[in-house]
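Structure data (mmCIF, C-alpha atoms) from final_21.cif:
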```cif
data_run
loop_
_atom_site.label_atom_id
_atom_site.label_comp_id
_atom_site.auth_asym_id
_atom_site.auth_seq_id
_atom_site.Cartn_x
_atom_site.Cartn_y
_atom_site.Cartn_z
CA MET C 273 9.08 -52.14 -13.90
CA LYS C 274 12.08 -50.33 -15.32
CA GLY C 275 10.14 -47.06 -15.42
CA ALA C 276 9.51 -47.27 -11.69
CA ASP C 277 13.21 -47.07 -10.79
CA PRO C 278 13.74 -43.41 -11.86
CA MET C 279 10.61 -42.37 -9.94
CA LYS C 280 11.82 -44.19 -6.85
CA LYS C 281 15.23 -42.57 -7.19
CA GLN C 282 13.66 -39.12 -7.50
CA ARG C 283 11.61 -39.71 -4.35
CA HIS C 284 14.75 -40.72 -2.48
CA ILE C 285 16.56 -37.60 -3.69
CA ALA C 286 13.62 -35.38 -2.69
CA LEU C 287 13.46 -37.04 0.73
CA GLY C 288 17.21 -36.53 1.18
CA VAL C 289 16.94 -32.85 0.26
CA ILE C 290 14.04 -32.31 2.68
CA THR C 291 15.94 -34.10 5.45
CA PHE C 292 19.00 -31.94 4.79
CA LEU C 293 16.93 -28.74 4.92
CA VAL C 294 15.32 -29.82 8.19
CA TYR C 295 18.75 -30.41 9.74
CA VAL C 296 19.96 -27.05 8.46
CA PHE C 297 16.89 -25.37 9.96
CA LEU C 298 17.46 -27.07 13.33
CA ILE C 299 21.25 -27.04 13.60
CA GLY C 300 22.09 -23.93 11.54
CA PRO C 301 21.20 -21.35 14.23
CA LEU C 302 23.16 -23.31 16.82
CA LEU C 303 26.25 -23.35 14.62
CA ILE C 304 25.90 -19.60 13.99
CA ILE C 305 25.73 -18.93 17.74
CA MET C 306 28.78 -21.10 18.35
CA ALA C 307 30.78 -19.39 15.60
CA SER C 308 29.79 -15.94 16.86
CA SER C 309 31.00 -16.72 20.38
CA PHE C 310 34.66 -16.69 19.24
CA GLY C 311 34.56 -13.27 17.54
CA GLU C 312 36.77 -10.43 18.71
CA GLN C 313 34.15 -7.71 18.13
CA ASN C 314 32.32 -6.22 21.08
CA ALA C 315 29.01 -6.82 19.32
CA LEU C 316 27.38 -10.12 18.43
CA VAL C 317 27.82 -10.41 14.66
CA PHE C 318 28.08 -13.16 12.07
CA PRO C 319 30.39 -13.98 10.44
CA ALA C 320 32.72 -13.25 13.33
CA LYS C 321 36.12 -11.68 12.75
CA GLY C 322 39.20 -12.95 14.52
CA PHE C 323 39.36 -15.56 17.24
CA THR C 324 39.28 -15.13 21.01
CA LEU C 325 38.21 -16.98 24.14
CA LYS C 326 37.72 -13.88 26.25
CA TRP C 327 33.92 -14.17 26.13
CA TYR C 328 34.08 -17.66 27.62
CA GLN C 329 36.42 -16.33 30.29
CA GLN C 330 33.94 -13.56 31.02
CA VAL C 331 31.11 -16.08 31.42
CA PHE C 332 32.96 -17.91 34.19
CA GLN C 333 34.01 -14.65 35.85
CA MET C 334 30.51 -13.16 36.17
CA SER C 335 29.13 -14.03 39.58
CA SER C 336 25.56 -13.31 38.47
CA PHE C 337 25.73 -16.07 35.84
CA ILE C 338 27.45 -18.50 38.19
CA ASN C 339 25.00 -17.95 41.05
CA SER C 340 21.92 -18.13 38.84
CA ALA C 341 23.26 -21.24 37.08
CA LEU C 342 23.85 -22.99 40.39
CA LEU C 343 20.35 -22.07 41.56
CA SER C 344 18.85 -23.33 38.30
CA ILE C 345 20.71 -26.63 38.60
CA GLU C 346 19.69 -27.08 42.23
CA ILE C 347 16.03 -26.32 41.53
CA ALA C 348 15.97 -28.53 38.42
CA LEU C 349 17.54 -31.52 40.19
CA ALA C 350 15.45 -31.14 43.35
CA ALA C 351 12.20 -30.68 41.41
CA THR C 352 12.98 -33.70 39.23
CA ALA C 353 13.73 -35.83 42.30
CA ILE C 354 10.43 -34.88 43.94
CA ALA C 355 8.61 -35.42 40.64
CA LEU C 356 10.10 -38.93 40.44
CA LEU C 357 9.01 -39.72 44.00
CA LEU C 358 5.46 -38.66 43.13
CA GLY C 359 5.22 -39.56 39.47
CA VAL C 360 6.76 -43.04 39.31
CA PRO C 361 4.44 -44.62 41.95
CA ALA C 362 1.47 -42.82 40.38
CA ALA C 363 2.37 -44.09 36.90
CA TYR C 364 2.83 -47.59 38.31
CA ALA C 365 -0.57 -47.54 40.03
CA ILE C 366 -2.31 -46.23 36.91
CA ASN C 367 -0.81 -48.97 34.73
CA ARG C 368 -1.04 -51.79 37.26
CA TYR C 369 -4.44 -51.41 38.91
CA ARG C 370 -8.03 -50.59 38.08
CA PHE C 371 -9.81 -48.28 40.50
CA PRO C 372 -12.55 -45.61 40.46
CA GLY C 373 -11.38 -42.16 39.36
CA LYS C 374 -8.34 -43.52 37.55
CA GLY C 375 -8.87 -41.21 34.56
CA ALA C 376 -9.39 -38.17 36.79
CA ILE C 377 -6.18 -38.85 38.71
CA LYS C 378 -4.24 -39.26 35.48
CA THR C 379 -5.65 -35.98 34.18
CA LEU C 380 -4.75 -34.26 37.46
CA PHE C 381 -1.12 -35.32 37.20
CA LEU C 382 -0.94 -34.19 33.56
CA SER C 383 -2.87 -30.93 34.10
CA PRO C 384 0.22 -28.67 34.40
CA VAL C 385 0.96 -29.43 30.75
CA LEU C 386 -2.51 -28.24 29.76
CA ILE C 387 -2.18 -24.95 31.65
CA PRO C 388 0.14 -22.30 30.14
CA CYS C 389 3.18 -21.70 32.35
CA ILE C 390 2.46 -17.98 32.56
CA VAL C 391 -1.02 -18.73 33.94
CA LEU C 392 0.38 -21.29 36.37
CA GLY C 393 2.97 -18.76 37.54
CA PHE C 394 0.33 -16.08 38.12
CA ILE C 395 -1.88 -18.52 40.03
CA MET C 396 0.99 -19.55 42.27
CA LEU C 397 2.02 -15.95 42.88
CA ARG C 398 -1.52 -14.79 43.63
CA TYR C 399 -3.01 -17.67 45.59
CA ILE C 400 -0.06 -19.61 47.05
CA ILE C 401 3.06 -17.49 47.42
CA SER C 402 1.34 -14.35 48.67
CA ARG C 403 -0.94 -16.16 51.12
CA TRP C 404 1.69 -18.49 52.55
CA ASN C 405 4.43 -15.86 52.38
CA LEU C 406 6.89 -18.36 50.90
CA SER C 407 10.45 -17.37 50.09
CA VAL C 408 11.91 -17.59 46.59
CA VAL C 409 13.56 -21.02 46.72
CA PRO C 410 10.54 -22.99 48.08
CA SER C 411 8.30 -21.17 45.61
CA LEU C 412 10.53 -22.11 42.69
CA LEU C 413 10.79 -25.68 43.92
CA ILE C 414 7.01 -26.09 44.11
CA GLY C 415 6.47 -24.51 40.71
CA HIS C 416 9.15 -26.52 38.93
CA THR C 417 7.98 -29.72 40.58
CA LEU C 418 4.53 -29.12 39.11
CA LEU C 419 6.17 -28.64 35.71
CA SER C 420 8.27 -31.80 36.01
CA ILE C 421 5.58 -34.24 37.16
CA PRO C 422 3.78 -34.47 33.77
CA TYR C 423 7.04 -35.29 31.95
CA VAL C 424 7.83 -38.03 34.47
CA MET C 425 4.29 -39.39 34.30
CA ARG C 426 4.08 -39.52 30.51
CA VAL C 427 7.47 -41.14 29.90
CA VAL C 428 7.26 -43.63 32.77
CA THR C 429 3.68 -44.52 31.82
CA SER C 430 4.85 -45.29 28.28
CA SER C 431 7.63 -47.49 29.64
CA LEU C 432 5.27 -49.35 31.95
CA ALA C 433 2.84 -49.90 29.07
CA ASN C 434 5.50 -52.14 27.48
CA PHE C 435 6.30 -53.94 30.74
CA ASP C 436 4.90 -57.43 31.25
CA PHE C 437 3.41 -57.44 34.73
CA ALA C 438 3.29 -61.24 34.58
CA ILE C 439 6.95 -61.12 35.63
CA GLU C 440 5.99 -59.29 38.79
CA GLU C 441 3.18 -61.77 39.45
CA ALA C 442 5.58 -64.67 38.96
CA ALA C 443 7.98 -63.16 41.49
CA GLY C 444 5.12 -62.71 43.92
CA SER C 445 4.04 -66.32 43.50
CA LEU C 446 7.58 -67.35 44.47
CA GLY C 447 7.32 -65.43 47.72
CA ALA C 448 8.88 -62.08 46.81
CA PRO C 449 7.32 -59.16 48.75
CA LYS C 450 5.63 -56.31 46.90
CA GLY C 451 8.36 -53.85 47.77
CA TYR C 452 11.09 -56.21 46.60
CA THR C 453 9.42 -56.84 43.23
CA PHE C 454 8.90 -53.12 42.68
CA PHE C 455 12.49 -52.09 43.40
CA HIS C 456 14.29 -55.15 42.01
CA ILE C 457 12.08 -56.15 39.07
CA VAL C 458 9.87 -53.26 37.93
CA LEU C 459 12.28 -50.33 38.28
CA PRO C 460 15.30 -52.04 36.62
CA ASN C 461 13.13 -52.87 33.60
CA ILE C 462 12.03 -49.26 33.14
CA LYS C 463 15.35 -47.58 33.98
CA SER C 464 15.63 -46.19 30.44
CA GLY C 465 12.23 -44.56 30.79
CA ILE C 466 13.15 -43.10 34.17
CA ALA C 467 16.43 -41.75 32.75
CA SER C 468 14.57 -40.19 29.82
CA ALA C 469 12.04 -38.64 32.19
CA CYS C 470 14.85 -37.18 34.28
CA VAL C 471 16.55 -35.65 31.24
CA MET C 472 13.33 -34.11 29.94
CA ALA C 473 12.29 -32.81 33.35
CA VAL C 474 15.69 -31.29 34.15
CA ILE C 475 16.03 -29.60 30.76
CA ASN C 476 12.48 -28.25 30.88
CA SER C 477 12.98 -26.92 34.41
CA PHE C 478 16.39 -25.44 33.70
CA ASN C 479 15.17 -23.58 30.59
CA ASN C 480 11.85 -22.39 31.97
CA VAL C 481 11.26 -18.63 31.85
CA SER C 482 7.55 -17.83 32.09
CA LEU C 483 6.89 -19.60 35.40
CA SER C 484 10.18 -18.56 37.00
CA THR C 485 9.54 -14.91 36.17
CA PHE C 486 6.64 -14.82 38.65
CA LEU C 487 8.52 -16.64 41.41
CA THR C 488 11.95 -15.02 41.46
CA ALA C 489 13.05 -11.89 43.30
CA PRO C 490 15.87 -9.34 42.95
CA GLY C 491 19.18 -11.03 43.65
CA VAL C 492 17.70 -14.54 43.43
CA THR C 493 17.01 -15.43 39.81
CA MET C 494 17.21 -18.41 37.50
CA LEU C 495 19.77 -18.47 34.70
CA PRO C 496 17.32 -17.91 31.78
CA ILE C 497 15.96 -14.79 33.48
CA GLU C 498 19.50 -13.58 34.19
CA ILE C 499 20.29 -14.04 30.49
CA MET C 500 17.23 -12.01 29.48
CA GLY C 501 18.27 -9.22 31.83
CA TYR C 502 21.80 -9.21 30.43
CA VAL C 503 20.64 -9.12 26.79
CA GLU C 504 18.40 -6.16 27.58
CA TYR C 505 21.43 -3.95 28.21
CA HIS C 506 24.29 -5.75 26.45
CA PHE C 507 24.74 -7.23 22.99
CA ASP C 508 28.18 -8.77 23.11
CA PRO C 509 29.18 -12.41 22.38
CA THR C 510 29.09 -13.30 26.08
CA ILE C 511 25.59 -14.71 25.69
CA ALA C 512 26.69 -16.69 22.65
CA ALA C 513 29.54 -18.16 24.69
CA LEU C 514 27.17 -19.02 27.54
CA ALA C 515 24.70 -20.61 25.12
CA THR C 516 27.51 -22.70 23.62
CA VAL C 517 28.58 -23.92 27.05
CA MET C 518 24.99 -24.84 27.91
CA MET C 519 24.53 -26.73 24.62
CA LEU C 520 27.76 -28.68 25.07
CA VAL C 521 26.97 -29.58 28.68
CA THR C 522 23.46 -30.72 27.73
CA LEU C 523 24.79 -32.77 24.82
CA GLY C 524 27.46 -34.33 27.02
CA VAL C 525 24.97 -35.31 29.72
CA MET C 526 22.57 -36.86 27.19
CA LEU C 527 25.37 -38.83 25.50
CA LEU C 528 26.63 -40.06 28.87
CA ILE C 529 23.18 -41.25 29.95
CA GLU C 530 22.55 -42.85 26.55
CA LYS C 531 25.81 -44.79 26.77
CA THR C 532 25.20 -45.93 30.34
CA LEU C 533 21.44 -46.50 30.47
CA GLY C 534 20.30 -46.30 26.86
CA LEU C 535 17.76 -43.67 25.86
CA GLN C 536 17.32 -44.72 22.25
CA SER C 537 14.77 -47.38 23.16
CA VAL C 538 12.49 -44.82 24.84
CA VAL C 539 13.02 -41.40 23.29
#
```

For the structure just supplied, provide its representation as structure tokens.
Amino acid sequence: MKGADPMKKQRHIALGVITFLVYVFLIGPLLIIMASSFGEQNALVFPAKGFTLKWYQQVFQMSSFINSALLSIEIALAATAIALLLGVPAAYAINRYRFPGKGAIKTLFLSPVLIPCIVLGFIMLRYIISRWNLSVVPSLLIGHTLLSIPYVMRVVTSSLANFDFAIEEAAGSLGAPKGYTFFHIVLPNIKSGIASACVMAVINSFNNVSLSTFLTAPGVTMLPIEIMGYVEYHFDPTIAALATVMMLVTLGVMLLIEKTLGLQSVV
């Protein structure tokens, strides 16, 4: 028994080293970007020399970044809202009822995940946008809604799988209408899943490049595409500053939602 203790200790040390290397691999590039955003050089280098905030000031002074960021936020929030309106009732019906074609409907809602975004973007451009002559904003909204629905469906479905529908039946036996039980019993019990679905859908929509590339037009672009265009001709720390701002905002939003609604039980 005594000989087993050193082996157990070695396994713990090896596991700790692997965990540390994984964190370095994941967080290291982010820390390098953040450190490079404060450099005084006109080129993006690491380690950075000096300290300045002029690159952050430039980010908030560039109208192209501001306009594209606002458009990205609007599209992401609108697409997520529509995806919730479609995905939550669909997830509820799939978990609550048995009906013919249930598997096919579930596959249909999850199909955008199975199709590469670049293929989905080409299909929309060729067979939907061109034929209906849609403008940029409706096109982006349709495309990003299709991207968001699978995330809403998968997370909400997982939350409903752990929900005891006997509670809903008990409320119904006491005279509560179907609509009342859905909005006052079912939804409050899966609010963490809905919050997680919103976070995943918004982040995925906001960061999408391949689909948005097919649906944008000159002067009306999403932020990731605007960043790609800027990097093509410039290599200064402005992009590092913008990336740092985006990371901090995303982290702040996730922490806020976790403290208020609790994501740790779902994610």

Practice prompt. Report as a PyMOL selection string the full result of the PyMOL selection byres ((chain C and resi 499-513) around 9) when it is applied to this structure.
Written response: chain C and resi 305-317+325-331+337+494-498+514-518

Could the centre and edge lengths of an axis-aligned box, enclosing all atoms of range 517-526 of chain C in the file with 4 Å extra on each side, be given in Å to one decimal as lines of an AutoDock Vina configuration file?
```
center_x = 25.6
center_y = -30.4
center_z = 27.2
size_x = 14.0
size_y = 20.9
size_z = 13.1
```

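Residues in contact range of Ala365 in chain C, defined as at most 12 Å between all atoms listed in the file, with sequence neighbours fewer than 3 positions away removed, read C:Leu358, C:Gly359, C:Val360, C:Pro361, C:Ala362, C:Arg368, C:Tyr369, C:Arg370, C:Phe371, C:Lys374, C:Gly375, C:Ile377, C:Lys378, C:Met425, C:Val428, C:Thr429, C:Leu432, C:Ala433, C:Phe437, C:Phe454.
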
>> One number please: CA of Ala348 in chain C to CA of Cys389 in chain C, in Å, one decimal.
In response: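 Going from CA of Ala348 in chain C over to CA of Cys389 in chain C covers 15.7 Å.
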
Under the rule that only C-alpha atoms are counted, which of C:Phe332, C:Phe292, C:Phe435, C:Phe478 is the nearest residue to Ile457 in chain C?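 For Ile457 in chain C, the nearest of the given residues is C:Phe435.
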